Amino acid sequence: MDRVGLKLEAKRIVSSHFPFFILLFLPVIIIQIGYAAAYTMNPLDPNEIMTEANQIAAGTARLGSNELMNVYLLSTLISIITGLLLSGMMFVCIDIIRNKTKFDQPVTKSFTILNNGQYFMGAIVIGILTTVLTLLWSILLIVPGIIKGFAYSQALNIYRDSVDAGKPIGYLEAITRSRQLMAGHKMDYFVMQLSFIGWYILNSFTYGILLIWLQPYFQLSFANFYVKISQQQTLNERAPK
């Protein structure tokens, strides 16, 4: 897998159509920067966090007045919303890599996940299933859970492709096909993830402003990853045996 080539192509596309990507990813970036700014202005005391966490574990926390519980609930809600929006944006990035869409209507495309009921339900159900399966594997050891997480990473993209082809598959079948697709590519996926750590560390020093460029660069790189391994799988299946 040519990781450098995938990222260079993604970087070229972002640089060539930067205004489009700013508007496409703006809803998610606003949510992320807004939440980070709110937390920065009102940080929780570490000792208070430990005390409240122990109370929650012991069942003695005061519901309704528990600041830590509110933070957990808000964090979870924000994670779900951003995850759903980013799933739709990933679909757009995949179409861009495949030259199946134009660089227009970025605001409308920001909410792609909400424009199709099958996309939305697929994102919800597959997200729940992969989370549960990954957690179950993590009970054994952390590493197997991480590896399975990588194996399931393309399930939603595969499901979406099946919907677009007019041949929708089941949610579990999408997960199974993701495991098959990622066979031999999990290390490539892991290394690709690691290659962005420096960027996200740098982003922390810009108070999230760098996300305006980093978020589309990241998503396009992994959209390119999915497109390339899908193409490779198709070629292997069609090759004479």
# chains A, B, ... in the order shown; residues from 1 in each chain; ligands from 1
call {"tool": "residues_around", "arguments": {"residues": "A:Ala151", "least_positions_apart": "5", "cutoff": "10 Å", "atoms": "only C-alpha atoms", "output": "list in words"}}
result
Thr130, Thr134, Gly145, Ile146, Ile175, Thr176, Arg177, Ser178, Arg179, Gln180, Leu181, Met182, Ala183, Gly184, His185, Lys186 and Tyr189 of chain A
call {"tool": "write_last_selection", "arguments": {"atoms": "C-alpha atoms", "output": "PDB file, in the first residue's frame"}}
result
ATOM      1  CA  THR A 130     -19.016  -2.714  15.543  1.00  0.00           C
ATOM      2  CA  THR A 134     -14.951  -4.465  19.433  1.00  0.00           C
ATOM      3  CA  GLY A 145     -10.017  -5.339  20.306  1.00  0.00           C
ATOM      4  CA  ILE A 146      -7.933  -2.770  18.437  1.00  0.00           C
ATOM      5  CA  ILE A 175     -19.088  -6.194   8.762  1.00  0.00           C
ATOM      6  CA  THR A 176     -18.075  -9.601   7.397  1.00  0.00           C
ATOM      7  CA  ARG A 177     -17.092  -8.077   4.053  1.00  0.00           C
ATOM      8  CA  SER A 178     -15.088  -5.423   5.884  1.00  0.00           C
ATOM      9  CA  ARG A 179     -13.109  -8.139   7.663  1.00  0.00           C
ATOM     10  CA  GLN A 180     -12.435  -9.790   4.318  1.00  0.00           C
ATOM     11  CA  LEU A 181     -11.479  -6.500   2.661  1.00  0.00           C
ATOM     12  CA  MET A 182      -9.113  -5.535   5.491  1.00  0.00           C
ATOM     13  CA  ALA A 183      -7.323  -8.892   5.506  1.00  0.00           C
ATOM     14  CA  GLY A 184      -3.689  -7.992   4.880  1.00  0.00           C
ATOM     15  CA  HIS A 185      -4.385  -4.252   5.209  1.00  0.00           C
ATOM     16  CA  LYS A 186      -4.883  -3.766   8.945  1.00  0.00           C
ATOM     17  CA  TYR A 189      -4.505   1.187   8.227  1.00  0.00           C
TER      18      TYR A 189
END
call {"tool": "residues_around", "arguments": {"residues": "A:Met90", "least_positions_apart": "6", "cutoff": "8 Å", "atoms": "only C-alpha atoms", "output": "list of chain:residue names"}}
result
A:Gln219, A:Leu220, A:Ala223
call {"tool": "write_last_selection", "arguments": {"atoms": "all heavy atoms", "output": "PDB file, in the first residue's frame"}}
result
ATOM      1  N   GLN A 219      -9.795  12.827   6.150  1.00  0.00           N
ATOM      2  CA  GLN A 219     -10.907  12.063   5.594  1.00  0.00           C
ATOM      3  C   GLN A 219     -10.643  11.630   4.157  1.00  0.00           C
ATOM      4  O   GLN A 219     -10.941  10.490   3.775  1.00  0.00           O
ATOM      5  CB  GLN A 219     -12.183  12.902   5.654  1.00  0.00           C
ATOM      6  CG  GLN A 219     -12.703  13.161   7.050  1.00  0.00           C
ATOM      7  CD  GLN A 219     -13.265  11.923   7.716  1.00  0.00           C
ATOM      8  OE1 GLN A 219     -12.687  11.417   8.666  1.00  0.00           O
ATOM      9  NE2 GLN A 219     -14.379  11.431   7.231  1.00  0.00           N
ATOM     10  N   LEU A 220     -10.083  12.524   3.367  1.00  0.00           N
ATOM     11  CA  LEU A 220      -9.777  12.186   1.972  1.00  0.00           C
ATOM     12  C   LEU A 220      -8.723  11.093   1.889  1.00  0.00           C
ATOM     13  O   LEU A 220      -8.793  10.216   1.011  1.00  0.00           O
ATOM     14  CB  LEU A 220      -9.299  13.422   1.217  1.00  0.00           C
ATOM     15  CG  LEU A 220     -10.354  14.233   0.465  1.00  0.00           C
ATOM     16  CD1 LEU A 220      -9.733  15.496  -0.093  1.00  0.00           C
ATOM     17  CD2 LEU A 220     -10.990  13.418  -0.656  1.00  0.00           C
ATOM     18  N   ALA A 223     -10.504   7.922   2.652  1.00  0.00           N
ATOM     19  CA  ALA A 223     -11.412   7.617   1.541  1.00  0.00           C
ATOM     20  C   ALA A 223     -10.609   7.004   0.399  1.00  0.00           C
ATOM     21  O   ALA A 223     -11.032   6.023  -0.224  1.00  0.00           O
ATOM     22  CB  ALA A 223     -12.119   8.891   1.072  1.00  0.00           C
TER      23      ALA A 223
END
call {"tool": "residues_around", "arguments": {"residues": "A:Leu156", "least_positions_apart": "3", "cutoff": "9 Å", "atoms": "only C-alpha atoms", "output": "PyMOL selection string"}}
result
chain A and resi 87+119+122-123+126-127+152-153+159-161+171+174-175+178
call {"tool": "write_last_selection", "arguments": {"atoms": "N, CA, C and O atoms", "output": "compact mmCIF listing (two decimals), in the first residue's frame"}}
result
# COMPACT_ATOMS: atom_id res chain seq x y z
N SER A 87 -19.39 10.49 8.81
CA SER A 87 -19.68 9.33 7.96
C SER A 87 -20.20 9.79 6.61
O SER A 87 -19.78 9.29 5.55
N TYR A 119 -28.71 5.26 4.54
CA TYR A 119 -27.40 5.69 5.03
C TYR A 119 -27.44 5.90 6.55
O TYR A 119 -26.56 5.44 7.29
N GLY A 122 -27.98 2.69 8.50
CA GLY A 122 -26.76 1.90 8.40
C GLY A 122 -25.68 2.42 9.33
O GLY A 122 -25.00 1.64 10.01
N ALA A 123 -25.53 3.75 9.38
CA ALA A 123 -24.52 4.36 10.26
C ALA A 123 -24.82 4.06 11.72
O ALA A 123 -23.91 3.74 12.50
N ILE A 126 -24.71 -0.16 12.22
CA ILE A 126 -23.35 -0.67 12.06
C ILE A 126 -22.43 -0.08 13.12
O ILE A 126 -21.55 -0.77 13.65
N GLY A 127 -22.65 1.19 13.48
CA GLY A 127 -21.86 1.80 14.55
C GLY A 127 -22.04 1.07 15.86
O GLY A 127 -21.07 0.80 16.59
N TYR A 152 -13.17 -3.96 11.19
CA TYR A 152 -14.55 -3.53 10.96
C TYR A 152 -14.64 -2.12 10.37
O TYR A 152 -15.74 -1.65 10.07
N SER A 153 -13.53 -1.46 10.20
CA SER A 153 -13.50 -0.03 9.87
C SER A 153 -14.18 0.35 8.55
O SER A 153 -14.62 1.49 8.38
N TYR A 159 -21.34 -1.02 3.08
CA TYR A 159 -22.81 -1.01 3.11
C TYR A 159 -23.36 0.09 2.21
O TYR A 159 -24.30 -0.14 1.43
N ARG A 160 -22.76 1.25 2.27
CA ARG A 160 -23.21 2.38 1.45
C ARG A 160 -23.05 2.07 -0.04
O ARG A 160 -23.93 2.39 -0.86
N ASP A 161 -21.92 1.45 -0.42
CA ASP A 161 -21.72 1.09 -1.82
C ASP A 161 -22.79 0.11 -2.30
O ASP A 161 -23.25 0.19 -3.44
N TYR A 171 -26.48 -5.63 7.67
CA TYR A 171 -25.47 -4.95 8.46
C TYR A 171 -24.33 -5.90 8.86
O TYR A 171 -23.15 -5.54 8.77
N ALA A 174 -22.13 -6.63 5.95
CA ALA A 174 -21.21 -5.52 5.68
C ALA A 174 -19.98 -5.64 6.59
O ALA A 174 -18.86 -5.39 6.14
N ILE A 175 -20.20 -6.02 7.83
CA ILE A 175 -19.09 -6.19 8.76
C ILE A 175 -18.20 -7.36 8.33
O ILE A 175 -16.97 -7.27 8.37
N SER A 178 -16.16 -6.32 5.44
CA SER A 178 -15.09 -5.42 5.88
C SER A 178 -13.91 -6.23 6.41
O SER A 178 -12.75 -5.91 6.11
call {"tool": "residues_around", "arguments": {"residues": "A:Ser221", "least_positions_apart": "5", "cutoff": "6 Å", "atoms": "only C-alpha atoms", "output": "ChimeraX atom specification"}}
result
/A:6-7,10
call {"tool": "residues_around", "arguments": {"residues": "A:Cys93", "least_positions_apart": "6", "cutoff": "12 Å", "atoms": "only C-alpha atoms", "output": "count of residues only"}}
result
32
call {"tool": "residues_around", "arguments": {"residues": "A:Ile78", "least_positions_apart": "4", "cutoff": "12 Å", "atoms": "only C-alpha atoms", "output": "MDAnalysis selection string"}}
result
chainID A and resid 27:36 71:74 82:86
call {"tool": "select_by_dssp", "arguments": {"residues": "stretch 17-215 of chain A", "states": "alpha helix (DSSP H)", "output": "MDAnalysis selection string"}}
result
chainID A and resid 18:41 46:58 67:97 106:110 117:140 142:151 155:164 171:182 186:194 197:204 211:215
call {"tool": "atom_distance", "arguments": {"atom1": "atom CA of A:Leu214", "atom2": "atom CA of A:Thr131"}}
result
25.4 Å
call {"tool": "closest_residue", "arguments": {"among": "A:Val143, A:Val107, A:Thr76, A:Phe120", "to": "A:Gly88", "atoms": "only C-alpha atoms"}}
result
A:Phe120
